[in-house]
Amino acid sequence: MEPRRIIWRVYHTISLLHTGRLFRHIHWRGDMDIAPLFGVIITTPSPPPPTLVFWRTPPVGSYKINTDGCVKDGVASGGGIIRDSSGQCIRAFFSFYGDCTILEAELRAILDGIILAQRLGLSVLWVESDSTLAIHCITKG
């Protein structure tokens, strides 16, 4: 094939994908400056509005442990906070876990919170985590 024919096919394919709305702005990431050469006008969509979230206090006489784990640059860590039924902070905690998966970091943060609560003599506990998989592992095995 001739170079002009190859260029035409690429141009034509990109135009068809764009016209059919199969080629979106995210596909141009890093190459947005050449999109107009293909007749593609890129408009960046507005970010969605923030979602309001609410922290609910645990029942009177109980305590809530909120935890989170993360892995950044191959190093895992996690922590959380223990609060009473009025929302007062009882204790906050944090730890490095080294080399492990995000699920392990989430589970270890939950475990650290429960162990700390036991050491503090707190027995009626509610545990909240942003990891539905970690909660599922604990509740469903």
# chains A, B, ... in the order shown; residues from 1 in each chain; ligands from 1

call {"tool": "residues_around", "arguments": {"residues": "Ile90 (chain A)", "least_positions_apart": "6", "cutoff": "10 Å", "atoms": "only C-alpha atoms", "output": "list in words"}}
result
Tyr63, Lys64, Ile65, Ile81, Ile82, Arg83, Asp84, Ala117 and Leu120 of chain A

call {"tool": "select_by_dssp", "arguments": {"residues": "chain A", "states": "strand (DSSP E or B)", "output": "JSON, numbers by chain"}}
result
{"A": [63, 64, 65, 66, 67, 68, 69, 70, 71, 72, 75, 76, 77, 78, 79, 80, 81, 82, 83, 89, 90, 91, 92, 93, 94, 95, 96, 97, 98, 125, 126, 127, 128, 129]}

call {"tool": "select_by_dssp", "arguments": {"residues": "region 1-121 of chain A", "states": "alpha helix (DSSP H)", "output": "VMD selection string"}}
result
chain A and resid 3 to 19 102 to 119

call {"tool": "residues_around", "arguments": {"residues": "region 96-100 of chain A", "least_positions_apart": "5", "cutoff": "7 Å", "atoms": "only C-alpha atoms", "output": "tab-separated table (two decimals) with C-alpha atoms, in the first residue's frame"}}
result
chain	number	residue	atom	x	y	z
A	74	GLY	CA	4.70	-0.78	46.69
A	75	VAL	CA	4.45	0.11	50.39
A	76	ALA	CA	1.24	-0.70	52.23
A	77	SER	CA	-0.12	1.16	55.21
A	78	GLY	CA	-3.38	1.63	57.03
A	105	ALA	CA	-3.76	-3.55	53.99

call {"tool": "residues_around", "arguments": {"residues": "Gly113 (chain A)", "least_positions_apart": "6", "cutoff": "10 Å", "atoms": "only C-alpha atoms", "output": "compact mmCIF listing (two decimals) with all heavy atoms, in the first residue's frame"}}
result
# COMPACT_ATOMS: atom_id res chain seq x y z
N LYS A 64 -17.45 3.12 67.25
CA LYS A 64 -17.31 2.86 65.82
C LYS A 64 -15.84 3.00 65.43
O LYS A 64 -15.17 3.94 65.82
CB LYS A 64 -18.15 3.84 65.00
CG LYS A 64 -18.14 3.51 63.50
CD LYS A 64 -19.01 4.46 62.71
CE LYS A 64 -20.44 3.99 62.72
NZ LYS A 64 -21.28 4.76 61.78
N ILE A 65 -15.38 2.02 64.65
CA ILE A 65 -14.02 2.03 64.11
C ILE A 65 -14.13 2.28 62.61
O ILE A 65 -14.76 1.50 61.91
CB ILE A 65 -13.30 0.69 64.36
CG1 ILE A 65 -13.29 0.34 65.83
CG2 ILE A 65 -11.90 0.73 63.78
CD1 ILE A 65 -12.79 -1.07 66.12
N ASN A 66 -13.54 3.37 62.14
CA ASN A 66 -13.46 3.65 60.71
C ASN A 66 -12.01 3.42 60.29
O ASN A 66 -11.09 3.95 60.91
CB ASN A 66 -13.84 5.10 60.40
CG ASN A 66 -15.29 5.37 60.67
OD1 ASN A 66 -15.64 5.84 61.73
ND2 ASN A 66 -16.13 5.07 59.71
N THR A 67 -11.82 2.61 59.24
CA THR A 67 -10.47 2.26 58.82
C THR A 67 -10.27 2.48 57.33
O THR A 67 -11.24 2.58 56.57
CB THR A 67 -10.16 0.78 59.12
OG1 THR A 67 -11.04 -0.04 58.35
CG2 THR A 67 -10.31 0.46 60.59
N GLY A 78 -1.97 1.53 56.69
CA GLY A 78 -3.38 1.63 57.03
C GLY A 78 -3.54 2.28 58.39
O GLY A 78 -2.58 2.48 59.12
N GLY A 79 -4.77 2.60 58.68
CA GLY A 79 -5.05 3.23 59.96
C GLY A 79 -6.52 3.46 60.13
O GLY A 79 -7.34 2.97 59.35
N GLY A 80 -6.84 4.24 61.15
CA GLY A 80 -8.24 4.50 61.39
C GLY A 80 -8.45 5.34 62.63
O GLY A 80 -7.50 5.87 63.23
N ILE A 81 -9.71 5.41 63.02
CA ILE A 81 -10.10 6.19 64.18
C ILE A 81 -11.21 5.45 64.91
O ILE A 81 -12.06 4.81 64.29
CB ILE A 81 -10.54 7.61 63.75
CG1 ILE A 81 -10.80 8.49 64.96
CG2 ILE A 81 -11.74 7.56 62.82
CD1 ILE A 81 -10.96 9.96 64.62
N ILE A 82 -11.17 5.52 66.23
CA ILE A 82 -12.23 4.94 67.06
C ILE A 82 -12.97 6.10 67.71
O ILE A 82 -12.35 6.98 68.33
CB ILE A 82 -11.65 4.01 68.15
CG1 ILE A 82 -10.83 2.89 67.51
CG2 ILE A 82 -12.78 3.44 69.01
CD1 ILE A 82 -10.07 2.03 68.51
N ARG A 91 -9.42 7.24 70.02
CA ARG A 91 -8.04 6.99 69.64
C ARG A 91 -7.95 6.91 68.12
O ARG A 91 -8.86 6.42 67.46
CB ARG A 91 -7.62 5.65 70.24
CG ARG A 91 -6.17 5.37 70.49
CD ARG A 91 -5.36 6.29 71.35
NE ARG A 91 -5.62 6.46 72.75
CZ ARG A 91 -5.29 5.65 73.73
NH1 ARG A 91 -4.72 4.50 73.49
NH2 ARG A 91 -5.54 5.97 74.98
N ALA A 92 -6.84 7.37 67.57
CA ALA A 92 -6.54 7.21 66.15
C ALA A 92 -5.30 6.33 66.05
O ALA A 92 -4.48 6.30 66.97
CB ALA A 92 -6.29 8.57 65.51
N PHE A 93 -5.16 5.61 64.97
CA PHE A 93 -4.03 4.69 64.82
C PHE A 93 -3.58 4.63 63.37
O PHE A 93 -4.33 4.96 62.46
CB PHE A 93 -4.40 3.29 65.33
CG PHE A 93 -5.62 2.70 64.64
CD1 PHE A 93 -5.48 1.84 63.56
CD2 PHE A 93 -6.90 3.00 65.09
CE1 PHE A 93 -6.58 1.30 62.93
CE2 PHE A 93 -8.01 2.47 64.45
CZ PHE A 93 -7.85 1.61 63.38
N PHE A 94 -2.33 4.21 63.19
CA PHE A 94 -1.72 4.14 61.87
C PHE A 94 -0.56 3.15 61.92
O PHE A 94 0.12 3.04 62.94
CB PHE A 94 -1.20 5.53 61.47
CG PHE A 94 -0.40 5.53 60.20
CD1 PHE A 94 -1.03 5.55 58.98
CD2 PHE A 94 0.97 5.50 60.24
CE1 PHE A 94 -0.29 5.55 57.81
CE2 PHE A 94 1.72 5.50 59.08
CZ PHE A 94 1.08 5.52 57.86
N LEU A 107 -7.61 -5.16 55.41
CA LEU A 107 -7.93 -6.12 56.47
C LEU A 107 -7.05 -5.90 57.70
O LEU A 107 -7.52 -6.00 58.84
CB LEU A 107 -7.78 -7.55 55.95
CG LEU A 107 -8.87 -8.00 54.97
CD1 LEU A 107 -8.48 -9.30 54.29
CD2 LEU A 107 -10.22 -8.13 55.67
N ARG A 119 -7.80 -3.62 73.65
CA ARG A 119 -6.82 -3.16 74.64
C ARG A 119 -7.36 -1.99 75.46
O ARG A 119 -6.97 -1.81 76.61
CB ARG A 119 -5.52 -2.75 73.96
CG ARG A 119 -4.74 -3.93 73.45
CD ARG A 119 -3.39 -3.51 72.90
NE ARG A 119 -2.71 -4.66 72.33
CZ ARG A 119 -1.89 -4.60 71.31
NH1 ARG A 119 -1.62 -3.45 70.74
NH2 ARG A 119 -1.32 -5.70 70.85
N LEU A 125 -18.60 -2.94 69.30
CA LEU A 125 -17.93 -2.24 68.21
C LEU A 125 -18.72 -2.30 66.90
O LEU A 125 -19.33 -3.32 66.58
CB LEU A 125 -16.55 -2.85 67.96
CG LEU A 125 -15.59 -2.92 69.14
CD1 LEU A 125 -14.35 -3.68 68.74
CD2 LEU A 125 -15.26 -1.53 69.63
N VAL A 127 -17.76 -1.59 62.87
CA VAL A 127 -16.60 -1.39 62.00
C VAL A 127 -17.08 -0.89 60.64
O VAL A 127 -17.98 -1.48 60.04
CB VAL A 127 -15.79 -2.69 61.83
CG1 VAL A 127 -14.64 -2.49 60.85
CG2 VAL A 127 -15.27 -3.19 63.17
